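> I'd like to ask some things about the structure below.
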Amino acid sequence: MTREKTHKWLVIALGILVSVTWIYPFFIIFFGSLKSRAEIFTNTIWIPENFVTENYSRAYEGLEYGRSFMNSLFITTASIIIIVIFSSMAAYALARNKSKISTAIYFFCALTMLIPFQSVMIPLVSIFGQIDFLNRFGLIIMNWGFASSMSIFLFYGAMRSISVSLDEAAYLDGGTPFQIFWRVIFPILKPTTVTVIILNAIRLWNDFLLPSLVINQEGMRTIPLRMYYFFGEYTVQWELALAGLVLAIVPIIVLYIFIQRYIVEGVTKGAIKT
Amino acid sequence: MKGKKKNLYYWAFIIPSLLAIFFVIVLPLILGIGTSLTNSDGYNAVFVGLSNYKNLLSDKQFLYSLRFTILFAVVAVVLINVIGLGLALLVTQKMGKVSVFFRTIFFMPNLIGGIILGFIWQFIFVRAFAGIANATGLSFFNAWLADTTTGFWGLVIVFLWQMSGYIMIIYISFLANIPSELIEAGQIDGANKWQAFWKIKFSMLAPAFTVSLFLTLANAFKIYDMNLALTNGAPYGSTEMIAMNIYNTAFFQYRQGYAQSKAIVFFLIVAVISLTQVFLTRRKEVDL
């Protein structure tokens, strides 16, 4: 028993050592964001001697944080709502109608997942430019297109374990397929919906390249976009750049701490099933 | 329900997604193949046949970026899988609730986007490392990101920090699926802990290796944000990875036809990697 206990404490000690090293980069940034410009050069990685909180108010203004945050939130939320509605419906139809056409559509979706973004970005921007869709509306449609296949697969996988007898019972009660799906099936898909939301949220919230090509108006910039321009302006004023980075990270970390279990579960499902 | 009406609903449920996929991915790919055969600058285009593809073979920067990316991918894939598996084995040891805490921390960098990660580490490599060099006198910490070698390892470190937690999660889920009877049976047969690990866990982890290996490989090829925020290709394009090379050709040099020929080659490389993965994992499943 004692040998097992020693082993347990050794493992925990090792775990603490590795995890402190692992997140120390975050602390370097956090400590730095509270230092004066002079102190960043003399004390780069340790706790500040004098706390300078005004870095944050200046970075907040420089990033137009409130507006950038709302822009990110709007793009992410609107895209996810559309992705969830249409991907779950498509998966339902594919799973309930086994036919050659369904199989063909399924493989078509699988094939599109092999296409990396960079290999279509030039024509994509040119097509959407020609129809005047290089704006938030166009970005949401693009997000939808890129996320569809993966989301359909996840919903399709979940559909397989939902009995057809549920549909049949609801159909005998006089429901249309539309009503049956939204009233009976969609609620049962909830765990998968959570997975789809989480996986897309992580990707969309952090996305930089696509929004940078699509969003031209300064007032519409998301946090990663705004951060890119802000950082470029302030690398000589590291204390502001660092406070800006902390502001960009904090919403993600706070959310992660609260729903950590769901995020890890969702990512696991996404990695294994697709 | 009658066939005709049922058909109508079927298509009504599927068509929106298909249209989105078509206009965002398929149509651009098809048009892109056309663009790659022109000298398009984004406004005017003249058909030039396969000459863009021929020119790729003698484009020094493109070939350099390709080699740099392949070398990066190979090094990163090995390190990420070793570290990811190491972390997975660490957090699956018997230690109670702290293991969730460790898991949470190791996965955290994966939630931060490449742009932010690149900036965080730009500060660490440039400023914090310089501070450490001053304090300790160790020349190892001097002038990071100032040359190709430290730029390369800088990119590797950041990617490793981002991806290892993700790969850890994949390994954890496979480790959890190994039946404990199998390990107990091995121990009854007189296997010690090391033998149990190498013989039993290792062979059961084979499918996890395949998944993680190719996932890391494909992701390594697609890196752009992190490259932009950390080195932006500096010094002199020597840390410019393949995705950034395509972007710069299209949107800085405005040689969109030429850039698109690079993009098609890039597509073929990534598709071959992903298809190999599908092929290998399917075959393994049949074997089991």
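In the structure tokens, each chain is lettered A, B, ... as it comes, each chain's residues begin at 1, and ligands are numbered from 1 in order of appearance.
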Using DSSP secondary structure from the backbone, list all helix (DSSP H, G or I) positions within stretch 41-151 of chain A, as a PyMOL selection string.
chain A and resi 41-42+54-62+65-96+100-112+117-119+121-130+136-151
> Find the spatial neighbours of stretch 88-100 of chain A, counting only C-alpha atoms, within a cut-off of 9 Å - ignore same-chain residues fewer than 5 positions away - and output them as a PyMOL selection string.
(chain A and resi 83+105-106+151-157+159-160+164+178+181-182+185-186+189+193) or (chain B and resi 9-18)
> Which value, in Å to one decimal, gives the distance between atom CA of A:Ile215 and atom CA of A:Leu134?
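Separation of atom CA of A:Ile215 and atom CA of A:Leu134: 6.3 Å.
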> Taking into account only C-alpha atoms, which residue in the set A:Ile82, A:Val125, A:Leu14, A:Ser119 is nearest to chain B?
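When distances to chain B are compared using only C-alpha atoms, the smallest one comes from A:Ser119.
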> How close does stretch 20-84 of chain A get to stretch 111-132 of chain B? List, as JSON lines, each residue of stretch 20-84 of chain A within 7 Å, its nearest atom pair and the distance in Å to one decimal, counting only C-alpha atoms.

```
{"residue": "A:Ile29", "atom": "CA", "partner": "B:Ile120", "partner_atom": "CA", "distance": 6.8}
{"residue": "A:Thr44", "atom": "CA", "partner": "B:Ala128", "partner_atom": "CA", "distance": 5.1}
{"residue": "A:Ile45", "atom": "CA", "partner": "B:Ala128", "partner_atom": "CA", "distance": 6.0}
```
> Restricting the output to N, CA and C atoms, write the selected residues as a compact mmCIF listing (two decimals), in the first residue's frame.

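Below is the file that was written, again_11.txt:
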```txt
# COMPACT_ATOMS: atom_id res chain seq x y z
N ILE A 29 2.94 36.63 -19.75
CA ILE A 29 2.15 37.66 -20.42
C ILE A 29 1.34 38.46 -19.40
N THR A 44 11.64 40.55 -16.92
CA THR A 44 10.78 40.10 -18.03
C THR A 44 9.81 38.99 -17.65
N ILE A 45 10.19 38.09 -16.72
CA ILE A 45 9.32 36.93 -16.54
C ILE A 45 8.75 36.80 -15.13
```
> Please provide as a PyMOL selection string all residues within 12 Å of A:Glu265, with the sequence filter that same-chain residues fewer than 2 positions apart are discarded (counting only C-alpha atoms).
(chain A and resi 191-192+194-196+198-199+259-263+267-272) or (chain B and resi 103-104+107+166+169-170+172-173)
> So which one's closest to chain B, A:Glu64, A:Asp207, A:Glu49, A:Glu168? Using only C-alpha atoms, please.
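Ranked by minimum distance to chain B, first place goes to A:Asp207.
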> Taking into account only C-alpha atoms, which residue in the set B:Val278, B:Ile157, B:Ile105, B:Val77 is nearest to chain A?
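That would be B:Ile105, the residue with the smallest distance to chain A.
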> Excluding same-chain residues fewer than 5 positions from B:Asp59, what lies within 12 Å of it counting only C-alpha atoms, as a ChimeraX atom specification?
/B:52-54,64-66,245,249,258-259,262
> Contacts of B:Asp147 at 10 Å or less, counting only C-alpha atoms, minus same-chain residues fewer than 3 places along, as a list in words?
Ala143, Trp144, Thr150, Gly151, Phe152, Thr231, Ala234, Pro235, Tyr236, Ser238 and Thr239 of chain B
> Could you tell me which of A:Ser212, A:Ser36, A:Thr103, A:Thr2 comes closest to A:Thr53 if we count only C-alpha atoms?
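Of A:Ser212, A:Ser36, A:Thr103, A:Thr2, the one nearest A:Thr53 is A:Ser36, counting only C-alpha atoms.
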> Applying 9 Å and only C-alpha atoms, which residues near B:Val270 remain after dropping the ones on its own chain fewer than 3 positions away? List them as a ChimeraX atom specification.
/A:114-116 /B:217-218,221-222,265-267,273-275
> Selected residues, N, CA and C atoms, written as a CSV table (one decimal), in the first residue's frame, please.

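This went into selection.csv:
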```csv
chain,number,residue,atom,x,y,z
A,114,LEU,N,-11.5,17.1,-47.5
A,114,LEU,CA,-10.1,16.9,-47.8
A,114,LEU,C,-9.5,18.2,-48.4
A,115,ILE,N,-10.4,19.2,-48.7
A,115,ILE,CA,-9.9,20.4,-49.4
A,115,ILE,C,-9.5,21.4,-48.4
A,116,PRO,N,-8.3,21.8,-48.3
A,116,PRO,CA,-7.8,22.8,-47.3
A,116,PRO,C,-8.3,24.2,-47.7
B,217,LEU,N,0.0,16.0,-38.9
B,217,LEU,CA,0.7,16.3,-40.2
B,217,LEU,C,-0.1,17.2,-41.1
B,218,ALA,N,-1.4,16.9,-41.2
B,218,ALA,CA,-2.3,17.8,-42.0
B,218,ALA,C,-2.4,19.2,-41.4
B,221,PHE,N,0.7,21.3,-42.2
B,221,PHE,CA,0.8,21.9,-43.5
B,221,PHE,C,-0.1,23.1,-43.7
B,222,LYS,N,-1.2,23.2,-42.9
B,222,LYS,CA,-2.1,24.3,-43.1
B,222,LYS,C,-1.8,25.5,-42.2
B,265,VAL,N,-1.5,22.4,-56.0
B,265,VAL,CA,-0.5,21.5,-55.6
B,265,VAL,C,-0.6,21.2,-54.1
B,266,PHE,N,-0.8,22.3,-53.4
B,266,PHE,CA,-1.0,22.2,-51.9
B,266,PHE,C,-2.2,21.3,-51.6
B,267,PHE,N,-3.3,21.5,-52.3
B,267,PHE,CA,-4.5,20.7,-52.1
B,267,PHE,C,-4.2,19.2,-52.3
B,273,ILE,N,-2.2,13.1,-47.9
B,273,ILE,CA,-2.0,12.8,-46.5
B,273,ILE,C,-3.2,12.3,-45.8
B,274,SER,N,-4.4,13.0,-46.1
B,274,SER,CA,-5.6,12.7,-45.4
B,274,SER,C,-6.1,11.3,-45.9
B,275,LEU,N,-6.0,11.1,-47.2
B,275,LEU,CA,-6.5,9.8,-47.8
B,275,LEU,C,-5.7,8.6,-47.3
```
> Of the candidates B:Lys60, B:Lys94, B:Lys4, B:Arg67, which one gets nearest to chain A if we count only C-alpha atoms?
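Comparing B:Lys60, B:Lys94, B:Lys4, B:Arg67 against chain A, the winner is B:Lys94.
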> Between atom CA of A:Val264 and atom CA of A:Lys5, what is the spacing in Å?
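Atom CA of A:Val264 lies at a distance of 28.4 Å from atom CA of A:Lys5.
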> Point out the residue among A:Ala158, A:Ala104, A:Val11, A:Leu240 with the least atom-to-atom distance to chain B, counting only C-alpha atoms.
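Ranked by minimum distance to chain B, first place goes to A:Val11.
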